[in-house]
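Report on one structure; see the data block that follows.
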There are 4 protein chains.
Amino acid sequence: MNDLERVLMQLRRFTAEREWGRFHDPKNLAMLLASEAGELVALLRWIPNGEADAFVRSAGNRPGVEAEAADVAIALLLFCDRAGIDLASAVEAKIAANASKYPVELSRGHARTPVR
Amino acid sequence: MNDLERVLMQLRRFTAEREWGRFHDPKNLAMLLASEAGELVALLRWIPNGEADAFVRSAGNRPGVEAEAADVAIALLLFCDRAGIDLASAVEAKIAANASKYPVELSRGHARTPVR
Amino acid sequence: MNDLERVLMQLRRFTAEREWGRFHDPKNLAMLLASEAGELVALLRWIPNGEADAFVRSAGNRPGVEAEAADVAIALLLFCDRAGIDLASAVEAKIAANASKYPVELSRGHARTPVR
Amino acid sequence: MNDLERVLMQLRRFTAEREWGRFHDPKNLAMLLASEAGELVALLRWIPNGEADAFVRSAGNRPGVEAEAADVAIALLLFCDRAGIDLASAVEAKIAANASKYPVELSRGHARTPVR
């Protein structure tokens, strides 16, 4: 069993034991995701770009950053599980779509969407 | 190789080919995450709770929901990869922390944080 | 002097006294805004649509809701002030643009964007 | 009549004409706010701190930045109007609370919350 499957089983059990499925419709879980993403953003809002790598890797900040990233992941996994989305497949399909939207030769070194 | 590792390798190659690592510091990637979470929220903002399950599972809405969920996942994976965070471990640690914060007997059937 | 001008003067003085202008570039303030919006979303994430009006108006929840709405407003006002945007004019222009994007006769009673 | 009152009257008329009040409960409007905040964040996600001021003030980017800031303001005003919140008063109260939470002498020149 791989990582994703193991974590999904833990989340399903956690939710079922607390009878929280009633709260976990896709709308509510999308809101959970947005609020957790906001908490991760909050950690970095006053950190300049040039210090962001050191910030997230420092021993003092690391546990908080990991916890917020995990909260976002949990919200997303709960959402996908409820919606019946196979997240690994969805991600691979999106990477392929992005590769075709942003061809290497038109996208190298800048962040603008190519116009063809 | 499991799902997460395979996807990470695809993302690293995608980013390297386009020389986008310069844009992908943790601050910028946290912003990417928040904007992608906002797009998922946008899909469900006018859908009532009671219709949200049917909405995300309908054939017409499904591709869009999957694509937005995948975009959130990609942003989170890029963030964790840049920050050196092992996301699967971080998620398992957070589920364990949540289990201790929300004991089954004090949390069953309601969404309030237990006060002890 | 109207409400908006009075509040802007208070915010400028608050920021100047603490020498926080150095942190308040538009990028950082956009992150502040997203994190504050996430906190407002967090208050309502488990509340069903049909209970949301009563929730925000109940005496127990009201102070928290007001405080989060105010935080969002402060972030937005700081952003616009830094960017040199006259928010009242920008809002009036956007309402006019929306009125033309969503004509009454094509938009009444549903939340879809009209296709013409 | 001041700016805020004038804009609120325009928003109420816009919403009433389209019979959109049914969609505008506080939960849905909090989601609207988060999604609009996400769009503003998207504009700045690849812009370094040091270029953010010039970015938002450049003629090419200005209209988009103004439109996104206006969308956030509209979402917040709709939310406060629905919830019966007097936003100007709430903001003034919050600035006063922040002034007491962040005393000038303990807060000057850094972004950490004072511990007393």
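Just remember, in the structure tokens the first chain shown is A, the second B, etc., residues are 1-based per chain, and ligands are 1-based in the order shown.
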Please give the complete set of residues from chain D that DSSP, run on the backbone, assigns to alpha helix (DSSP H), formatted as a PDB file with C-alpha atoms, in the first residue's frame.
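The resulting file, part.pdb, is shown below:
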ATOM      1  CA  ASP D   3     -18.926  57.000  -0.405  1.00  0.00           C
ATOM      2  CA  LEU D   4     -19.748  53.875   1.563  1.00  0.00           C
ATOM      3  CA  GLU D   5     -23.482  54.607   1.693  1.00  0.00           C
ATOM      4  CA  ARG D   6     -23.608  55.420  -2.008  1.00  0.00           C
ATOM      5  CA  VAL D   7     -21.832  52.213  -2.968  1.00  0.00           C
ATOM      6  CA  LEU D   8     -24.014  50.127  -0.646  1.00  0.00           C
ATOM      7  CA  MET D   9     -27.149  51.523  -2.283  1.00  0.00           C
ATOM      8  CA  GLN D  10     -25.775  50.629  -5.717  1.00  0.00           C
ATOM      9  CA  LEU D  11     -24.964  47.091  -4.564  1.00  0.00           C
ATOM     10  CA  ARG D  12     -28.402  46.577  -3.005  1.00  0.00           C
ATOM     11  CA  ARG D  13     -30.093  47.697  -6.196  1.00  0.00           C
ATOM     12  CA  PHE D  14     -27.805  45.546  -8.358  1.00  0.00           C
ATOM     13  CA  THR D  15     -28.567  42.479  -6.240  1.00  0.00           C
ATOM     14  CA  ALA D  16     -32.306  43.119  -5.957  1.00  0.00           C
ATOM     15  CA  GLU D  17     -32.772  43.656  -9.695  1.00  0.00           C
ATOM     16  CA  ARG D  18     -31.176  40.259 -10.405  1.00  0.00           C
ATOM     17  CA  PRO D  26     -23.040  34.945   4.695  1.00  0.00           C
ATOM     18  CA  LYS D  27     -21.478  31.547   3.992  1.00  0.00           C
ATOM     19  CA  ASN D  28     -21.631  31.964   0.218  1.00  0.00           C
ATOM     20  CA  LEU D  29     -20.392  35.539   0.457  1.00  0.00           C
ATOM     21  CA  ALA D  30     -17.427  34.465   2.596  1.00  0.00           C
ATOM     22  CA  MET D  31     -16.558  32.047  -0.219  1.00  0.00           C
ATOM     23  CA  LEU D  32     -16.950  34.827  -2.781  1.00  0.00           C
ATOM     24  CA  LEU D  33     -14.557  36.922  -0.714  1.00  0.00           C
ATOM     25  CA  ALA D  34     -11.956  34.141  -0.517  1.00  0.00           C
ATOM     26  CA  SER D  35     -12.106  33.498  -4.244  1.00  0.00           C
ATOM     27  CA  GLU D  36     -11.770  37.195  -5.080  1.00  0.00           C
ATOM     28  CA  ALA D  37      -8.846  37.553  -2.650  1.00  0.00           C
ATOM     29  CA  GLY D  38      -7.278  34.594  -4.456  1.00  0.00           C
ATOM     30  CA  GLU D  39      -7.531  36.442  -7.766  1.00  0.00           C
ATOM     31  CA  LEU D  40      -5.729  39.472  -6.365  1.00  0.00           C
ATOM     32  CA  VAL D  41      -3.023  37.201  -4.943  1.00  0.00           C
ATOM     33  CA  ALA D  42      -2.683  35.534  -8.347  1.00  0.00           C
ATOM     34  CA  LEU D  43      -1.675  38.824  -9.953  1.00  0.00           C
ATOM     35  CA  LEU D  44       1.281  39.223  -7.604  1.00  0.00           C
ATOM     36  CA  ASN D  49       8.678  42.146  -3.241  1.00  0.00           C
ATOM     37  CA  GLY D  50      11.019  44.747  -4.648  1.00  0.00           C
ATOM     38  CA  GLU D  51       9.043  45.057  -7.884  1.00  0.00           C
ATOM     39  CA  ALA D  52       5.534  44.941  -6.433  1.00  0.00           C
ATOM     40  CA  ASP D  53       5.042  48.705  -6.096  1.00  0.00           C
ATOM     41  CA  ALA D  54       6.063  49.349  -9.695  1.00  0.00           C
ATOM     42  CA  PHE D  55       3.969  46.397 -10.880  1.00  0.00           C
ATOM     43  CA  VAL D  56       0.669  47.606  -9.421  1.00  0.00           C
ATOM     44  CA  ARG D  57       1.280  51.175 -10.570  1.00  0.00           C
ATOM     45  CA  ARG D  62      -3.273  48.948 -13.170  1.00  0.00           C
ATOM     46  CA  PRO D  63      -6.755  48.209 -14.542  1.00  0.00           C
ATOM     47  CA  GLY D  64      -6.525  44.538 -13.553  1.00  0.00           C
ATOM     48  CA  VAL D  65      -5.286  45.336 -10.055  1.00  0.00           C
ATOM     49  CA  GLU D  66      -8.057  47.891  -9.541  1.00  0.00           C
ATOM     50  CA  ALA D  67     -10.690  45.467 -10.784  1.00  0.00           C
ATOM     51  CA  GLU D  68      -9.544  42.704  -8.433  1.00  0.00           C
ATOM     52  CA  ALA D  69      -9.344  45.064  -5.445  1.00  0.00           C
ATOM     53  CA  ALA D  70     -12.861  46.262  -6.289  1.00  0.00           C
ATOM     54  CA  ASP D  71     -14.139  42.669  -6.462  1.00  0.00           C
ATOM     55  CA  VAL D  72     -12.776  42.007  -2.980  1.00  0.00           C
ATOM     56  CA  ALA D  73     -14.407  45.202  -1.701  1.00  0.00           C
ATOM     57  CA  ILE D  74     -17.744  44.295  -3.271  1.00  0.00           C
ATOM     58  CA  ALA D  75     -17.678  40.822  -1.701  1.00  0.00           C
ATOM     59  CA  LEU D  76     -16.853  42.299   1.702  1.00  0.00           C
ATOM     60  CA  LEU D  77     -19.544  44.992   1.442  1.00  0.00           C
ATOM     61  CA  LEU D  78     -22.164  42.441   0.413  1.00  0.00           C
ATOM     62  CA  PHE D  79     -21.137  40.258   3.355  1.00  0.00           C
ATOM     63  CA  CYS D  80     -21.297  43.083   5.897  1.00  0.00           C
ATOM     64  CA  ASP D  81     -24.580  44.389   4.523  1.00  0.00           C
ATOM     65  CA  ARG D  82     -26.146  40.932   4.745  1.00  0.00           C
ATOM     66  CA  ALA D  83     -24.772  40.395   8.255  1.00  0.00           C
ATOM     67  CA  LEU D  87     -18.065  48.186   8.429  1.00  0.00           C
ATOM     68  CA  ALA D  88     -16.705  51.669   9.157  1.00  0.00           C
ATOM     69  CA  SER D  89     -17.404  51.247  12.884  1.00  0.00           C
ATOM     70  CA  ALA D  90     -16.011  47.711  12.898  1.00  0.00           C
ATOM     71  CA  VAL D  91     -12.796  48.924  11.255  1.00  0.00           C
ATOM     72  CA  GLU D  92     -12.338  51.796  13.693  1.00  0.00           C
ATOM     73  CA  ALA D  93     -12.882  49.424  16.624  1.00  0.00           C
ATOM     74  CA  LYS D  94     -10.325  46.994  15.174  1.00  0.00           C
ATOM     75  CA  ILE D  95      -7.712  49.700  14.624  1.00  0.00           C
ATOM     76  CA  ALA D  96      -8.128  50.692  18.270  1.00  0.00           C
ATOM     77  CA  ALA D  97      -7.793  47.053  19.367  1.00  0.00           C
ATOM     78  CA  ASN D  98      -4.672  46.637  17.209  1.00  0.00           C
ATOM     79  CA  ALA D  99      -3.163  49.803  18.681  1.00  0.00           C
ATOM     80  CA  SER D 100      -3.480  48.276  22.110  1.00  0.00           C
ATOM     81  CA  LYS D 101      -2.214  44.835  20.964  1.00  0.00           C
ATOM     82  CA  VAL D 104       4.275  51.615  19.430  1.00  0.00           C
ATOM     83  CA  GLU D 105       7.296  51.165  21.658  1.00  0.00           C
ATOM     84  CA  LEU D 106       7.178  47.349  21.467  1.00  0.00           C
ATOM     85  CA  SER D 107       6.316  47.084  17.779  1.00  0.00           C
TER      86      SER D 107
END
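Pairwise distance (CA of Pro114 in chain A, CA of Asp25 in chain B) equals 22.0 Å.
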Would you superpose chain D on chain A, least squares on all C-alpha atoms in order, and hand back the fitted chain as a compact mmCIF listing (two decimals) with N, CA and C atoms, in the first residue's frame?
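Result file is result_11.txt:
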# COMPACT_ATOMS: atom_id res chain seq x y z
N MET D 1 0.88 -1.19 0.04
CA MET D 1 0.01 -0.01 0.03
C MET D 1 0.89 1.25 0.03
N ASN D 2 0.57 2.20 -0.83
CA ASN D 2 1.45 3.37 -0.89
C ASN D 2 1.02 4.47 0.10
N ASP D 3 1.83 5.54 0.14
CA ASP D 3 1.62 6.62 1.11
C ASP D 3 0.21 7.19 1.06
N LEU D 4 -0.24 7.49 -0.15
CA LEU D 4 -1.54 8.14 -0.30
C LEU D 4 -2.66 7.25 0.23
N GLU D 5 -2.60 5.97 -0.11
CA GLU D 5 -3.65 5.05 0.37
C GLU D 5 -3.63 4.92 1.89
N ARG D 6 -2.42 4.87 2.45
CA ARG D 6 -2.32 4.72 3.91
C ARG D 6 -2.91 5.95 4.62
N VAL D 7 -2.55 7.12 4.11
CA VAL D 7 -3.06 8.34 4.73
C VAL D 7 -4.58 8.45 4.56
N LEU D 8 -5.08 8.09 3.39
CA LEU D 8 -6.54 8.15 3.19
C LEU D 8 -7.26 7.24 4.18
N MET D 9 -6.71 6.04 4.41
CA MET D 9 -7.36 5.15 5.37
C MET D 9 -7.36 5.74 6.78
N GLN D 10 -6.26 6.41 7.14
CA GLN D 10 -6.22 7.05 8.46
C GLN D 10 -7.26 8.18 8.56
N LEU D 11 -7.39 8.95 7.47
CA LEU D 11 -8.35 10.06 7.49
C LEU D 11 -9.79 9.55 7.56
N ARG D 12 -10.07 8.48 6.81
CA ARG D 12 -11.44 7.94 6.83
C ARG D 12 -11.80 7.44 8.23
N ARG D 13 -10.84 6.79 8.87
CA ARG D 13 -11.10 6.27 10.21
C ARG D 13 -11.26 7.42 11.20
N PHE D 14 -10.40 8.43 11.09
CA PHE D 14 -10.48 9.60 11.97
C PHE D 14 -11.86 10.25 11.87
N THR D 15 -12.31 10.44 10.63
CA THR D 15 -13.60 11.10 10.39
C THR D 15 -14.76 10.23 10.86
N ALA D 16 -14.70 8.95 10.56
CA ALA D 16 -15.81 8.05 10.93
C ALA D 16 -15.95 7.94 12.45
N GLU D 17 -14.84 7.82 13.15
CA GLU D 17 -14.89 7.70 14.61
C GLU D 17 -15.58 8.90 15.26
N ARG D 18 -15.36 10.08 14.68
CA ARG D 18 -15.94 11.31 15.25
C ARG D 18 -17.29 11.67 14.61
N GLU D 19 -17.75 10.86 13.67
CA GLU D 19 -19.03 11.12 12.97
C GLU D 19 -19.02 12.52 12.35
N TRP D 20 -17.89 12.86 11.72
CA TRP D 20 -17.75 14.18 11.10
C TRP D 20 -18.12 14.19 9.62
N GLY D 21 -18.50 13.04 9.10
CA GLY D 21 -18.88 12.99 7.68
C GLY D 21 -20.01 13.96 7.35
N ARG D 22 -20.87 14.19 8.33
CA ARG D 22 -22.00 15.10 8.08
C ARG D 22 -21.54 16.53 7.78
N PHE D 23 -20.39 16.91 8.29
CA PHE D 23 -19.85 18.26 8.05
C PHE D 23 -19.02 18.33 6.76
N HIS D 24 -18.62 17.16 6.27
CA HIS D 24 -17.60 17.12 5.22
C HIS D 24 -18.16 17.03 3.81
N ASP D 25 -19.19 17.84 3.51
CA ASP D 25 -19.59 17.90 2.10
C ASP D 25 -18.56 18.74 1.34
N PRO D 26 -18.55 18.63 0.02
CA PRO D 26 -17.49 19.30 -0.76
C PRO D 26 -17.44 20.82 -0.58
N LYS D 27 -18.58 21.44 -0.33
CA LYS D 27 -18.57 22.89 -0.12
C LYS D 27 -17.81 23.24 1.15
N ASN D 28 -18.18 22.57 2.25
CA ASN D 28 -17.50 22.84 3.52
C ASN D 28 -16.01 22.51 3.44
N LEU D 29 -15.67 21.45 2.75
CA LEU D 29 -14.26 21.08 2.66
C LEU D 29 -13.47 22.05 1.78
N ALA D 30 -14.12 22.63 0.78
CA ALA D 30 -13.44 23.68 0.00
C ALA D 30 -13.15 24.88 0.89
N MET D 31 -14.07 25.19 1.80
CA MET D 31 -13.83 26.29 2.75
C MET D 31 -12.72 25.94 3.73
N LEU D 32 -12.71 24.69 4.19
CA LEU D 32 -11.60 24.25 5.06
C LEU D 32 -10.27 24.45 4.34
N LEU D 33 -10.23 24.03 3.09
CA LEU D 33 -9.00 24.17 2.30
C LEU D 33 -8.56 25.63 2.20
N ALA D 34 -9.51 26.53 1.90
CA ALA D 34 -9.15 27.95 1.76
C ALA D 34 -8.65 28.51 3.08
N SER D 35 -9.26 28.11 4.18
CA SER D 35 -8.82 28.66 5.47
C SER D 35 -7.44 28.11 5.85
N GLU D 36 -7.19 26.85 5.54
CA GLU D 36 -5.87 26.29 5.84
C GLU D 36 -4.79 26.90 4.93
N ALA D 37 -5.12 27.12 3.67
CA ALA D 37 -4.17 27.80 2.77
C ALA D 37 -3.86 29.20 3.31
N GLY D 38 -4.89 29.86 3.85
CA GLY D 38 -4.68 31.19 4.44
C GLY D 38 -3.71 31.15 5.61
N GLU D 39 -3.74 30.07 6.38
CA GLU D 39 -2.82 29.99 7.52
C GLU D 39 -1.38 29.78 7.06
N LEU D 40 -1.19 29.04 6.00
CA LEU D 40 0.17 28.89 5.46
C LEU D 40 0.67 30.23 4.90
N VAL D 41 -0.21 30.93 4.19
CA VAL D 41 0.15 32.25 3.66
C VAL D 41 0.52 33.21 4.80
N ALA D 42 -0.21 33.11 5.91
CA ALA D 42 0.05 34.01 7.04
C ALA D 42 1.48 33.89 7.55
N LEU D 43 2.00 32.68 7.54
CA LEU D 43 3.37 32.47 8.04
C LEU D 43 4.40 33.25 7.23
N LEU D 44 4.13 33.42 5.95
CA LEU D 44 5.14 33.98 5.04
C LEU D 44 4.83 35.40 4.60
N ARG D 45 3.76 36.01 5.12
CA ARG D 45 3.33 37.29 4.55
C ARG D 45 4.32 38.42 4.77
N TRP D 46 5.07 38.37 5.85
CA TRP D 46 6.03 39.47 6.08
C TRP D 46 7.47 39.08 5.73
N ILE D 47 7.67 37.89 5.19
CA ILE D 47 9.02 37.42 4.88
C ILE D 47 9.34 37.77 3.42
N PRO D 48 10.46 38.48 3.19
CA PRO D 48 10.81 38.82 1.79
C PRO D 48 11.12 37.56 0.99
N ASN D 49 10.90 37.64 -0.32
CA ASN D 49 11.22 36.51 -1.19
C ASN D 49 12.60 35.93 -0.89
N GLY D 50 13.57 36.81 -0.75
CA GLY D 50 14.95 36.36 -0.63
C GLY D 50 15.26 35.66 0.68
N GLU D 51 14.34 35.75 1.65
CA GLU D 51 14.55 35.09 2.94
C GLU D 51 13.62 33.91 3.16
N ALA D 52 12.77 33.63 2.16
CA ALA D 52 11.71 32.64 2.37
C ALA D 52 12.26 31.22 2.49
N ASP D 53 13.29 30.90 1.69
CA ASP D 53 13.86 29.55 1.80
C ASP D 53 14.45 29.31 3.18
N ALA D 54 15.25 30.27 3.65
CA ALA D 54 15.85 30.12 4.98
C ALA D 54 14.77 30.08 6.07
N PHE D 55 13.73 30.88 5.90
CA PHE D 55 12.66 30.93 6.90
C PHE D 55 12.02 29.56 7.10
N VAL D 56 11.59 28.94 5.99
CA VAL D 56 10.87 27.67 6.14
C VAL D 56 11.77 26.52 6.58
N ARG D 57 13.08 26.68 6.37
CA ARG D 57 14.00 25.61 6.77
C ARG D 57 14.62 25.82 8.15
N SER D 58 14.38 26.98 8.77
CA SER D 58 14.98 27.20 10.09
C SER D 58 14.30 26.31 11.12
N ALA D 59 15.08 25.87 12.10
CA ALA D 59 14.55 24.94 13.11
C ALA D 59 13.35 25.53 13.85
N GLY D 60 13.37 26.84 14.07
CA GLY D 60 12.28 27.45 14.83
C GLY D 60 10.96 27.48 14.08
N ASN D 61 11.05 27.71 12.77
CA ASN D 61 9.82 27.84 11.99
C ASN D 61 9.33 26.53 11.39
N ARG D 62 10.25 25.57 11.27
CA ARG D 62 9.94 24.35 10.56
C ARG D 62 8.67 23.62 11.03
N PRO D 63 8.53 23.38 12.34
CA PRO D 63 7.35 22.64 12.78
C PRO D 63 6.03 23.32 12.37
N GLY D 64 5.99 24.64 12.49
CA GLY D 64 4.77 25.36 12.11
C GLY D 64 4.48 25.27 10.62
N VAL D 65 5.53 25.39 9.81
CA VAL D 65 5.35 25.30 8.37
C VAL D 65 4.86 23.89 7.98
N GLU D 66 5.48 22.88 8.56
CA GLU D 66 5.06 21.51 8.27
C GLU D 66 3.61 21.26 8.67
N ALA D 67 3.24 21.79 9.84
CA ALA D 67 1.87 21.58 10.32
C ALA D 67 0.85 22.25 9.40
N GLU D 68 1.17 23.45 8.92
CA GLU D 68 0.22 24.14 8.04
C GLU D 68 0.15 23.46 6.68
N ALA D 69 1.30 23.02 6.16
CA ALA D 69 1.27 22.29 4.88
C ALA D 69 0.46 21.00 5.03
N ALA D 70 0.61 20.33 6.17
CA ALA D 70 -0.14 19.10 6.41
C ALA D 70 -1.64 19.39 6.49
N ASP D 71 -2.01 20.49 7.13
CA ASP D 71 -3.44 20.84 7.21
C ASP D 71 -4.03 21.06 5.82
N VAL D 72 -3.28 21.72 4.96
CA VAL D 72 -3.77 21.92 3.59
C VAL D 72 -3.93 20.57 2.90
N ALA D 73 -2.94 19.70 3.07
CA ALA D 73 -3.01 18.38 2.43
C ALA D 73 -4.21 17.59 2.94
N ILE D 74 -4.44 17.63 4.24
CA ILE D 74 -5.57 16.90 4.82
C ILE D 74 -6.89 17.42 4.25
N ALA D 75 -7.04 18.73 4.17
CA ALA D 75 -8.27 19.31 3.61
C ALA D 75 -8.46 18.86 2.16
N LEU D 76 -7.38 18.87 1.40
CA LEU D 76 -7.48 18.49 -0.01
C LEU D 76 -7.80 17.00 -0.15
N LEU D 77 -7.19 16.17 0.68
CA LEU D 77 -7.44 14.72 0.61
C LEU D 77 -8.87 14.40 1.02
N LEU D 78 -9.36 15.08 2.06
CA LEU D 78 -10.76 14.87 2.46
C LEU D 78 -11.70 15.29 1.33
N PHE D 79 -11.40 16.41 0.70
CA PHE D 79 -12.23 16.88 -0.42
C PHE D 79 -12.25 15.86 -1.55
N CYS D 80 -11.08 15.41 -1.97
CA CYS D 80 -11.00 14.49 -3.11
C CYS D 80 -11.65 13.15 -2.76
N ASP D 81 -11.46 12.70 -1.53
CA ASP D 81 -12.06 11.43 -1.13
C ASP D 81 -13.58 11.55 -1.17
N ARG D 82 -14.11 12.63 -0.65
CA ARG D 82 -15.56 12.84 -0.65
C ARG D 82 -16.10 12.95 -2.08
N ALA D 83 -15.34 13.61 -2.94
CA ALA D 83 -15.80 13.83 -4.32
C ALA D 83 -15.52 12.64 -5.23
N GLY D 84 -14.83 11.63 -4.71
CA GLY D 84 -14.51 10.48 -5.55
C GLY D 84 -13.43 10.76 -6.58
N ILE D 85 -12.55 11.71 -6.28
CA ILE D 85 -11.46 12.07 -7.19
C ILE D 85 -10.20 11.29 -6.82
N ASP D 86 -9.61 10.63 -7.80
CA ASP D 86 -8.30 9.97 -7.63
C ASP D 86 -7.24 11.05 -7.84
N LEU D 87 -6.71 11.57 -6.72
CA LEU D 87 -5.88 12.76 -6.80
C LEU D 87 -4.59 12.53 -7.60
N ALA D 88 -3.97 11.35 -7.42
CA ALA D 88 -2.73 11.10 -8.15
C ALA D 88 -2.97 11.16 -9.67
N SER D 89 -4.06 10.54 -10.12
CA SER D 89 -4.37 10.58 -11.56
C SER D 89 -4.69 11.99 -12.01
N ALA D 90 -5.46 12.72 -11.19
CA ALA D 90 -5.83 14.09 -11.56
C ALA D 90 -4.58 14.97 -11.69
N VAL D 91 -3.62 14.76 -10.78
CA VAL D 91 -2.39 15.56 -10.84
C VAL D 91 -1.58 15.22 -12.08
N GLU D 92 -1.45 13.94 -12.38
CA GLU D 92 -0.68 13.57 -13.58
C GLU D 92 -1.34 14.13 -14.84
N ALA D 93 -2.66 14.08 -14.89
CA ALA D 93 -3.37 14.64 -16.06
C ALA D 93 -3.12 16.14 -16.16
N LYS D 94 -3.09 16.83 -15.01
CA LYS D 94 -2.92 18.28 -15.02
C LYS D 94 -1.49 18.65 -15.42
N ILE D 95 -0.52 17.88 -14.95
CA ILE D 95 0.87 18.16 -15.36
C ILE D 95 0.99 18.01 -16.88
N ALA D 96 0.36 16.99 -17.43
CA ALA D 96 0.40 16.81 -18.89
C ALA D 96 -0.27 17.98 -19.60
N ALA D 97 -1.41 18.43 -19.07
CA ALA D 97 -2.11 19.57 -19.68
C ALA D 97 -1.25 20.84 -19.59
N ASN D 98 -0.60 21.04 -18.44
CA ASN D 98 0.27 22.21 -18.28
C ASN D 98 1.46 22.15 -19.24
N ALA D 99 1.99 20.95 -19.46
CA ALA D 99 3.13 20.81 -20.36
C ALA D 99 2.74 21.23 -21.77
N SER D 100 1.49 21.00 -22.11
CA SER D 100 1.06 21.38 -23.46
C SER D 100 0.69 22.87 -23.51
N LYS D 101 0.20 23.41 -22.38
CA LYS D 101 -0.14 24.84 -22.32
C LYS D 101 1.11 25.72 -22.27
N TYR D 102 2.14 25.22 -21.62
CA TYR D 102 3.39 25.97 -21.48
C TYR D 102 4.53 25.21 -22.14
N PRO D 103 4.64 25.26 -23.46
CA PRO D 103 5.72 24.53 -24.14
C PRO D 103 7.08 25.06 -23.65
N VAL D 104 8.03 24.15 -23.54
CA VAL D 104 9.34 24.51 -23.00
C VAL D 104 9.93 25.71 -23.74
N GLU D 105 9.89 25.65 -25.06
CA GLU D 105 10.59 26.69 -25.82
C GLU D 105 9.94 28.07 -25.72
N LEU D 106 8.64 28.11 -25.38
CA LEU D 106 7.95 29.39 -25.24
C LEU D 106 7.86 29.88 -23.79
N SER D 107 8.29 29.06 -22.87
CA SER D 107 8.04 29.34 -21.45
C SER D 107 9.31 29.47 -20.64
N ARG D 108 10.44 29.20 -21.24
CA ARG D 108 11.67 29.12 -20.46
C ARG D 108 12.03 30.45 -19.81
N GLY D 109 12.13 30.45 -18.50
CA GLY D 109 12.70 31.58 -17.77
C GLY D 109 11.78 32.75 -17.53
N HIS D 110 10.49 32.64 -17.92
CA HIS D 110 9.55 33.72 -17.58
C HIS D 110 8.24 33.09 -17.13
N ALA D 111 7.38 33.90 -16.48
CA ALA D 111 6.17 33.34 -15.86
C ALA D 111 4.90 33.76 -16.60
N ARG D 112 5.03 34.18 -17.85
CA ARG D 112 3.83 34.59 -18.59
C ARG D 112 3.25 33.40 -19.38
N THR D 113 1.95 33.40 -19.53
CA THR D 113 1.31 32.36 -20.33
C THR D 113 1.61 32.63 -21.81
N PRO D 114 2.14 31.62 -22.52
CA PRO D 114 2.43 31.83 -23.94
C PRO D 114 1.16 32.12 -24.74
N VAL D 115 1.25 33.02 -25.67
CA VAL D 115 0.14 33.31 -26.59
C VAL D 115 0.55 32.77 -27.94
N ARG D 116 -0.26 31.89 -28.49
CA ARG D 116 0.12 31.30 -29.78
C ARG D 116 -0.93 31.60 -30.83
